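Shown here: coords-v6.cif, mmCIF, N, CA and C atoms.
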data_upload
loop_
_atom_site.label_atom_id
_atom_site.label_comp_id
_atom_site.auth_asym_id
_atom_site.auth_seq_id
_atom_site.Cartn_x
_atom_site.Cartn_y
_atom_site.Cartn_z
N LEU A 794 159.17 140.67 119.28
CA LEU A 794 159.35 140.38 117.87
C LEU A 794 158.22 139.48 117.36
N ALA A 795 157.84 138.47 118.15
CA ALA A 795 156.78 137.55 117.73
C ALA A 795 155.45 138.28 117.59
N ILE A 796 155.19 139.22 118.48
CA ILE A 796 153.94 139.99 118.39
C ILE A 796 153.94 140.85 117.14
N THR A 797 155.08 141.45 116.82
CA THR A 797 155.18 142.27 115.62
C THR A 797 154.93 141.43 114.37
N LEU A 798 155.53 140.23 114.31
CA LEU A 798 155.32 139.35 113.16
C LEU A 798 153.88 138.90 113.05
N MET A 799 153.24 138.58 114.17
CA MET A 799 151.83 138.16 114.14
C MET A 799 150.95 139.31 113.69
N ALA A 800 151.24 140.54 114.12
CA ALA A 800 150.45 141.70 113.70
C ALA A 800 150.61 141.95 112.21
N ALA A 801 151.84 141.81 111.70
CA ALA A 801 152.08 142.00 110.27
C ALA A 801 151.36 140.92 109.46
N PHE A 802 151.38 139.68 109.94
CA PHE A 802 150.69 138.58 109.27
C PHE A 802 149.19 138.83 109.26
N ALA A 803 148.63 139.27 110.37
CA ALA A 803 147.19 139.57 110.45
C ALA A 803 146.82 140.70 109.52
N ALA A 804 147.68 141.70 109.39
CA ALA A 804 147.42 142.82 108.47
C ALA A 804 147.38 142.32 107.04
N ASP A 805 148.29 141.40 106.67
CA ASP A 805 148.29 140.84 105.32
C ASP A 805 147.01 140.09 105.04
N LEU A 806 146.52 139.34 106.02
CA LEU A 806 145.27 138.60 105.84
C LEU A 806 144.10 139.54 105.65
N ALA A 807 144.11 140.64 106.33
CA ALA A 807 143.00 141.59 106.24
C ALA A 807 142.93 142.24 104.86
N LEU A 808 144.05 142.30 104.14
CA LEU A 808 144.08 142.94 102.84
C LEU A 808 143.66 142.02 101.70
N ALA A 809 143.53 140.74 101.97
CA ALA A 809 143.13 139.80 100.91
C ALA A 809 141.73 140.15 100.42
N GLU A 810 141.57 140.14 99.11
CA GLU A 810 140.29 140.48 98.49
C GLU A 810 139.89 139.38 97.52
N THR A 811 138.60 139.29 97.25
CA THR A 811 138.10 138.43 96.19
C THR A 811 137.57 139.34 95.10
N MET A 812 138.07 139.16 93.87
CA MET A 812 137.70 140.03 92.76
C MET A 812 137.44 139.21 91.51
N LYS A 813 136.63 139.75 90.64
CA LYS A 813 136.35 139.13 89.34
C LYS A 813 137.02 139.94 88.25
N GLY A 814 137.44 139.24 87.20
CA GLY A 814 138.08 139.91 86.07
C GLY A 814 138.50 138.89 85.04
N ARG A 815 139.59 139.20 84.32
CA ARG A 815 140.12 138.31 83.28
C ARG A 815 141.64 138.23 83.40
N ILE A 816 142.17 137.13 82.91
CA ILE A 816 143.61 136.99 82.77
C ILE A 816 143.95 137.35 81.33
N LEU A 817 144.77 138.37 81.16
CA LEU A 817 145.12 138.87 79.83
C LEU A 817 146.62 139.13 79.76
N GLY A 818 147.08 139.43 78.56
CA GLY A 818 148.43 139.94 78.39
C GLY A 818 148.43 141.43 78.72
N GLU A 819 149.55 141.93 79.21
CA GLU A 819 149.63 143.33 79.60
C GLU A 819 149.31 144.27 78.45
N GLN A 820 149.78 143.95 77.25
CA GLN A 820 149.52 144.82 76.09
C GLN A 820 148.01 144.91 75.80
N CYS A 821 147.28 143.81 75.99
CA CYS A 821 145.83 143.82 75.77
C CYS A 821 145.15 144.73 76.80
N ALA A 822 145.59 144.63 78.04
CA ALA A 822 145.01 145.46 79.10
C ALA A 822 145.30 146.93 78.85
N LYS A 823 146.50 147.25 78.38
CA LYS A 823 146.88 148.64 78.12
C LYS A 823 146.08 149.23 76.96
N THR A 824 145.84 148.42 75.92
CA THR A 824 145.16 148.92 74.73
C THR A 824 143.66 148.75 74.77
N GLY A 825 143.14 148.05 75.80
CA GLY A 825 141.70 147.87 75.91
C GLY A 825 141.15 146.75 75.05
N LYS A 826 142.00 145.89 74.52
CA LYS A 826 141.55 144.76 73.69
C LYS A 826 141.23 143.58 74.61
N ILE A 827 140.14 143.70 75.34
CA ILE A 827 139.80 142.73 76.37
C ILE A 827 139.24 141.45 75.77
N GLY A 828 138.35 141.54 74.81
CA GLY A 828 137.72 140.36 74.23
C GLY A 828 138.49 139.75 73.07
N GLU A 829 139.55 140.41 72.64
CA GLU A 829 140.30 139.93 71.48
C GLU A 829 141.80 139.99 71.75
N CYS A 830 142.21 139.39 72.84
CA CYS A 830 143.61 139.42 73.24
C CYS A 830 144.39 138.34 72.49
N TYR A 831 145.36 138.76 71.70
CA TYR A 831 146.16 137.83 70.91
C TYR A 831 147.11 137.04 71.80
N LEU A 832 147.31 135.79 71.46
CA LEU A 832 148.21 134.93 72.22
C LEU A 832 149.64 135.48 72.21
N LYS A 833 150.04 136.11 71.11
CA LYS A 833 151.40 136.65 71.04
C LYS A 833 151.60 137.81 72.03
N TRP A 834 150.50 138.35 72.58
CA TRP A 834 150.59 139.43 73.57
C TRP A 834 150.44 138.89 75.00
N ALA A 835 150.56 137.60 75.19
CA ALA A 835 150.28 136.99 76.49
C ALA A 835 151.36 137.24 77.54
N ASP A 836 152.53 137.67 77.15
CA ASP A 836 153.61 137.82 78.12
C ASP A 836 153.93 139.29 78.33
N PRO A 837 153.87 139.78 79.53
CA PRO A 837 153.49 139.10 80.77
C PRO A 837 151.98 139.09 80.96
N MET A 838 151.49 138.09 81.65
CA MET A 838 150.06 138.00 81.96
C MET A 838 149.73 138.90 83.14
N VAL A 839 148.54 139.49 83.08
CA VAL A 839 148.06 140.36 84.15
C VAL A 839 146.63 139.98 84.51
N PHE A 840 146.21 140.41 85.69
CA PHE A 840 144.81 140.27 86.09
C PHE A 840 144.14 141.60 85.83
N TRP A 841 143.14 141.60 84.95
CA TRP A 841 142.38 142.81 84.60
C TRP A 841 141.07 142.79 85.36
N THR A 842 140.78 143.84 86.11
CA THR A 842 139.56 143.89 86.91
C THR A 842 138.41 144.46 86.10
N GLN A 843 137.21 144.23 86.57
CA GLN A 843 136.02 144.77 85.91
C GLN A 843 136.01 146.30 85.94
N GLU A 844 136.77 146.90 86.83
CA GLU A 844 136.86 148.36 86.92
C GLU A 844 137.86 148.93 85.92
N GLY A 845 138.62 148.05 85.23
CA GLY A 845 139.57 148.51 84.23
C GLY A 845 141.00 148.62 84.72
N ASP A 846 141.26 148.26 85.97
CA ASP A 846 142.63 148.24 86.48
C ASP A 846 143.28 146.91 86.11
N TYR A 847 144.59 146.88 86.07
CA TYR A 847 145.26 145.59 85.87
C TYR A 847 146.49 145.50 86.77
N PHE A 848 146.80 144.26 87.12
CA PHE A 848 147.89 143.99 88.06
C PHE A 848 148.73 142.83 87.56
N HIS A 849 150.03 142.94 87.70
CA HIS A 849 150.93 141.82 87.40
C HIS A 849 150.67 140.73 88.44
N ILE A 850 150.80 139.48 88.03
CA ILE A 850 150.39 138.34 88.86
C ILE A 850 151.60 137.66 89.48
N LYS A 851 151.50 137.44 90.78
CA LYS A 851 152.44 136.57 91.49
C LYS A 851 151.61 135.46 92.12
N LEU A 852 151.86 134.23 91.70
CA LEU A 852 151.10 133.09 92.20
C LEU A 852 151.65 132.67 93.56
N THR A 853 150.79 132.69 94.59
CA THR A 853 151.23 132.31 95.93
C THR A 853 150.43 131.14 96.49
N GLY A 854 149.38 130.73 95.80
CA GLY A 854 148.53 129.63 96.27
C GLY A 854 149.22 128.29 96.18
N LYS A 855 148.81 127.38 97.03
CA LYS A 855 149.41 126.06 97.14
C LYS A 855 149.41 125.28 95.82
N ASP A 856 148.30 125.27 95.12
CA ASP A 856 148.17 124.47 93.89
C ASP A 856 148.24 125.32 92.63
N LEU A 857 148.73 126.53 92.72
CA LEU A 857 148.78 127.40 91.55
C LEU A 857 150.16 127.34 90.92
N ASP A 858 150.16 127.21 89.58
CA ASP A 858 151.41 127.22 88.84
C ASP A 858 151.16 127.87 87.48
N GLN A 859 152.17 127.92 86.65
CA GLN A 859 152.04 128.56 85.34
C GLN A 859 151.01 127.86 84.48
N VAL A 860 150.85 126.55 84.61
CA VAL A 860 149.85 125.81 83.82
C VAL A 860 148.44 126.30 84.16
N ALA A 861 148.16 126.49 85.45
CA ALA A 861 146.84 126.99 85.87
C ALA A 861 146.60 128.38 85.31
N LEU A 862 147.64 129.20 85.30
CA LEU A 862 147.51 130.55 84.76
C LEU A 862 147.30 130.51 83.25
N ASP A 863 148.02 129.63 82.55
CA ASP A 863 147.84 129.48 81.10
C ASP A 863 146.42 129.05 80.75
N LYS A 864 145.84 128.14 81.53
CA LYS A 864 144.47 127.68 81.28
C LYS A 864 143.46 128.81 81.46
N ALA A 865 143.79 129.78 82.30
CA ALA A 865 142.88 130.89 82.58
C ALA A 865 143.03 132.05 81.60
N TYR A 866 144.02 131.99 80.70
CA TYR A 866 144.28 133.09 79.79
C TYR A 866 143.05 133.42 78.94
N GLY A 867 142.64 134.67 78.97
CA GLY A 867 141.50 135.14 78.19
C GLY A 867 140.16 134.83 78.81
N GLU A 868 140.14 134.14 79.93
CA GLU A 868 138.89 133.70 80.55
C GLU A 868 138.50 134.60 81.71
N GLU A 869 137.19 134.58 82.02
CA GLU A 869 136.70 135.26 83.21
C GLU A 869 137.08 134.43 84.42
N VAL A 870 137.61 135.10 85.43
CA VAL A 870 138.08 134.41 86.63
C VAL A 870 137.64 135.16 87.88
N GLU A 871 137.72 134.44 88.98
CA GLU A 871 137.60 135.05 90.29
C GLU A 871 138.90 134.74 91.01
N VAL A 872 139.55 135.76 91.53
CA VAL A 872 140.79 135.55 92.25
C VAL A 872 140.64 136.01 93.69
N GLU A 873 141.38 135.36 94.54
CA GLU A 873 141.53 135.81 95.91
C GLU A 873 142.99 136.16 96.07
N GLY A 874 143.25 137.36 96.53
CA GLY A 874 144.64 137.76 96.65
C GLY A 874 144.80 139.09 97.32
N THR A 875 146.05 139.50 97.41
CA THR A 875 146.42 140.76 98.05
C THR A 875 147.05 141.66 97.01
N ILE A 876 146.54 142.87 96.89
CA ILE A 876 147.08 143.84 95.94
C ILE A 876 148.27 144.55 96.59
N VAL A 877 149.37 144.63 95.82
CA VAL A 877 150.59 145.28 96.27
C VAL A 877 150.92 146.38 95.27
N ASP A 878 151.37 147.51 95.74
CA ASP A 878 151.77 148.63 94.86
C ASP A 878 150.62 149.11 93.98
N LYS A 879 149.41 149.19 94.53
CA LYS A 879 148.26 149.67 93.76
C LYS A 879 148.50 151.12 93.33
N GLY A 880 148.07 151.43 92.13
CA GLY A 880 148.20 152.79 91.63
C GLY A 880 149.52 153.07 90.92
N THR A 881 150.35 152.06 90.75
CA THR A 881 151.59 152.23 90.01
C THR A 881 151.50 151.42 88.73
N ASP A 882 152.41 151.71 87.79
CA ASP A 882 152.44 150.94 86.53
C ASP A 882 152.78 149.48 86.79
N LYS A 883 153.45 149.21 87.86
CA LYS A 883 153.87 147.85 88.17
C LYS A 883 153.09 147.30 89.37
N GLY A 884 151.82 147.66 89.47
CA GLY A 884 150.99 147.10 90.53
C GLY A 884 150.95 145.59 90.42
N LYS A 885 150.91 144.93 91.56
CA LYS A 885 150.94 143.46 91.58
C LYS A 885 149.79 142.93 92.43
N ILE A 886 149.39 141.71 92.11
CA ILE A 886 148.45 140.99 92.96
C ILE A 886 149.07 139.64 93.28
N GLN A 887 149.10 139.33 94.55
CA GLN A 887 149.58 138.02 95.01
C GLN A 887 148.36 137.13 95.07
N VAL A 888 148.25 136.19 94.14
CA VAL A 888 147.05 135.36 93.98
C VAL A 888 147.19 134.08 94.79
N SER A 889 146.25 133.89 95.73
CA SER A 889 146.26 132.67 96.53
C SER A 889 145.23 131.66 96.03
N ARG A 890 144.24 132.14 95.25
CA ARG A 890 143.21 131.24 94.70
C ARG A 890 142.77 131.80 93.37
N LEU A 891 142.61 130.92 92.37
CA LEU A 891 142.19 131.30 91.03
C LEU A 891 141.11 130.33 90.57
N THR A 892 139.94 130.86 90.23
CA THR A 892 138.82 130.03 89.82
C THR A 892 138.29 130.50 88.48
N LEU A 893 138.20 129.59 87.49
CA LEU A 893 137.56 129.92 86.22
C LEU A 893 136.07 130.02 86.44
N LEU A 894 135.44 131.10 85.99
CA LEU A 894 134.00 131.26 86.20
C LEU A 894 133.17 130.51 85.17
N ASN A 895 133.62 130.45 83.94
CA ASN A 895 132.92 129.72 82.87
C ASN A 895 133.92 128.86 82.14
N PRO A 896 134.32 127.73 82.73
CA PRO A 896 135.36 126.91 82.10
C PRO A 896 134.94 126.44 80.71
N PRO A 897 135.89 126.38 79.77
CA PRO A 897 135.59 125.87 78.43
C PRO A 897 135.03 124.46 78.52
N GLY A 898 134.01 124.18 77.74
CA GLY A 898 133.42 122.84 77.75
C GLY A 898 132.34 122.66 78.79
N LYS A 899 132.08 123.70 79.57
CA LYS A 899 131.03 123.61 80.60
C LYS A 899 129.68 123.49 79.88
N LYS A 900 128.87 122.54 80.30
CA LYS A 900 127.57 122.34 79.69
C LYS A 900 126.58 123.38 80.20
N GLU A 901 125.79 123.90 79.29
CA GLU A 901 124.75 124.83 79.67
C GLU A 901 123.41 124.23 79.30
N PHE A 902 122.52 124.18 80.22
CA PHE A 902 121.18 123.66 79.97
C PHE A 902 120.18 124.80 80.04
N PHE A 903 119.21 124.75 79.19
CA PHE A 903 118.18 125.78 79.19
C PHE A 903 116.85 125.14 78.80
N LYS A 904 115.81 125.81 79.21
CA LYS A 904 114.48 125.37 78.81
C LYS A 904 114.09 126.10 77.53
N GLY A 905 113.50 125.37 76.62
CA GLY A 905 113.15 126.06 75.40
C GLY A 905 112.16 125.37 74.57
#
Could you write out this file's structure as structure tokens?
Amino acid sequence: LAITLMAAFAADLALAETMKGRILGEQCAKTGKIGECYLKWADPMVFWTQEGDYFHIKLTGKDLDQVALDKAYGEEVEVEGTIVDKGTDKGKIQVSRLTLLNPPGKKEFFKG
């Protein structure tokens, strides 16, 4: 039994991926309104990939909570997670790490 559990755990680790995309409302992802997602469409939030797929989010990371997800709404992010039920309307991603790629207020310096 212990060997079976360790093998299943190792298989889950092997499926973890790092992907870039945005946190959006499901209605925005369905309609393609990626850059103009209304706040009233935020529930439920999904992870939209650069390839155009989207997944319902289950937060599994140690320091991840709804506040972290709210801060990422509409922003470009990098997530580390495991995709579950890919190819279905209710595809999910179990997110273990969420990083904002261009946090609001980030200073940009340029030569000019």
Residues near A:Met812, cut-off 6.5 Å, all atoms listed in the file, skip fewer than 3 positions along chain, as number ranges by chain = A: 870-874
task = Tell me which protein, DNA and RNA residues are within 7 Å of A:Tyr847, counting only N, CA and C atoms, leaving out same-chain ones fewer than 3 positions away, and put them as a list in words.
result =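 Listing them by chain and then by number gives Ala822, Val839, Phe840, Trp841, Thr842, Gly884 and Lys885 of chain A.
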Serialized selection, N, CA and C atoms, as a short mmCIF file (atom, residue, chain, number, x, y, z; two decimals), in the frame of the given file:
data_model
loop_
_atom_site.label_atom_id
_atom_site.label_comp_id
_atom_site.auth_asym_id
_atom_site.auth_seq_id
_atom_site.Cartn_x
_atom_site.Cartn_y
_atom_site.Cartn_z
N ALA A 822 145.59 144.63 78.04
CA ALA A 822 145.01 145.46 79.10
C ALA A 822 145.30 146.93 78.85
N VAL A 839 148.54 139.49 83.08
CA VAL A 839 148.06 140.36 84.15
C VAL A 839 146.63 139.98 84.51
N PHE A 840 146.21 140.41 85.69
CA PHE A 840 144.81 140.27 86.09
C PHE A 840 144.14 141.60 85.83
N TRP A 841 143.14 141.60 84.95
CA TRP A 841 142.38 142.81 84.60
C TRP A 841 141.07 142.79 85.36
N THR A 842 140.78 143.84 86.11
CA THR A 842 139.56 143.89 86.91
C THR A 842 138.41 144.46 86.10
N GLY A 884 151.82 147.66 89.47
CA GLY A 884 150.99 147.10 90.53
C GLY A 884 150.95 145.59 90.42
N LYS A 885 150.91 144.93 91.56
CA LYS A 885 150.94 143.46 91.58
C LYS A 885 149.79 142.93 92.43
#
key: Chain and number of each residue from the PyMOL selection byres (((chain A and resi 828 and name CA) around 10) and name CA), as a list in words   = Arg815, Leu817, Cys821, Gly825, Lys826, Ile827, Glu829, Cys830, Tyr831, Gly867 and Glu868 of chain A
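Note that the spacing between atom CA of A:Leu894 and atom N of A:Asp878 amounts to 25.6 Å.
Proximity ranking of A:Asn895, A:Thr824, A:Gln887, A:Thr811 relative to A:Leu852 places A:Gln887 first, based on all atoms listed in the file.
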query = For the atom pair atom N of A:Arg890 and atom N of A:Leu857, what is the interatomic distance in Å to one decimal place?
reply =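 According to the coordinates, atom N of A:Arg890 and atom N of A:Leu857 are separated by 7.6 Å.
Straight-line separation from atom N of A:Gly814 to atom C of A:Thr853: 17.9 Å.
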ask   = Of the candidates A:Thr875, A:Glu810, A:Gly818, A:Met838, which one gets nearest to A:Ile850 if we count only N, CA and C atoms?
value = A:Met838
message = My list of candidates is A:Leu808, A:Ser889, A:Val860, A:Lys813. Which is closest to A:Gly845 when distances are computed with only C-alpha atoms?
response =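 Ranking A:Leu808, A:Ser889, A:Val860, A:Lys813 by distance to A:Gly845, first place goes to A:Lys813.
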query = What does the PyMOL selection byres ((chain A and resi 836) around 7) select in this file, as an MDAnalysis selection string?
reply = chainID A and resid 817:820 832:835 837:838
